[in-house]
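Quick notes on the structure that follows.
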Amino acid sequence: DISFTMQEDFVRRVHRARTSSLSKPVQECCDYIDLHIEDNITLKELASALRYSDFYLSRKFRGETGKGIKEYIRLKKLEKARDMLTDNSLTVKEIADRLGFCSLSYFGKRFREEYGVSPSEYRASPR
């Protein structure tokens with residue numbers, strides 16, 4: 001049921017925001033990325049949407065998370081891909097396309113770097 005899923009997601013976000021050591025701008029940034037993970041998010045768009053300068057948001061984000069925004073987005077996309085791979089309704093290529101990876105081989109390379117197996121191997125492995 002979609003309303004239950006939305007409510008569950010909301011509760012998780014509120015809990016994370018209350019227990020997070022991240023500043024409001026960085027938390028807003030993470031939330032925006034989570035909500036728009038299938039979009040092609042740029043630093044300029046992100047900063048504009050959250051009403052911060054590119055420089056301020058980029059520097060603050062790296063200072064608090066230890067990662068650049070671009071790297072963080074890529075890691076979140078890979079997490080989403082991992083979740084999507086448990087559902088066999090989409091092919092690996094469709095997942096790569098939906099998450100905005102420039103090619104199937106680039107997606108496979110990055111997935112393997114992060115998880116140690118290819119997307120197809122991950123899908124086939126028992127969990």
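If you're wondering about the labels, chains in the structure tokens are A, B, ... by order shown, residues count from 1 in each chain, ligands from 1 in order shown.
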
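Proximity to Tyr72 in chain A at 10 Å, evaluated using only C-alpha atoms and with sequence-adjacent residues fewer than 5 positions away removed, yields A:Cys30, A:Ile33, A:Phe61, A:Arg62, A:Thr65, A:Gly66, A:Lys67, A:Lys77, A:Leu78.
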
Next on the checklist: So that I can see what lies close to Asp39 in chain A, please list as a ChimeraX atom specification the residues with an atom at most 9 Å from it, counting only C-alpha atoms and leaving out residues fewer than 4 positions away in the same chain.
Outcome noted: /A:33,98-100

Item to check | Distance of CA of Phe107 in chain A from CA of Gly63 in chain A, expressed in Å to one decimal place | outcome: 27.3 Å

Checklist entry - With distances taken over only C-alpha atoms, which of A:Lys109, A:Ile73, A:Glu94, A:Asp83 is nearest to Ile37 in chain A? => result A:Ile73
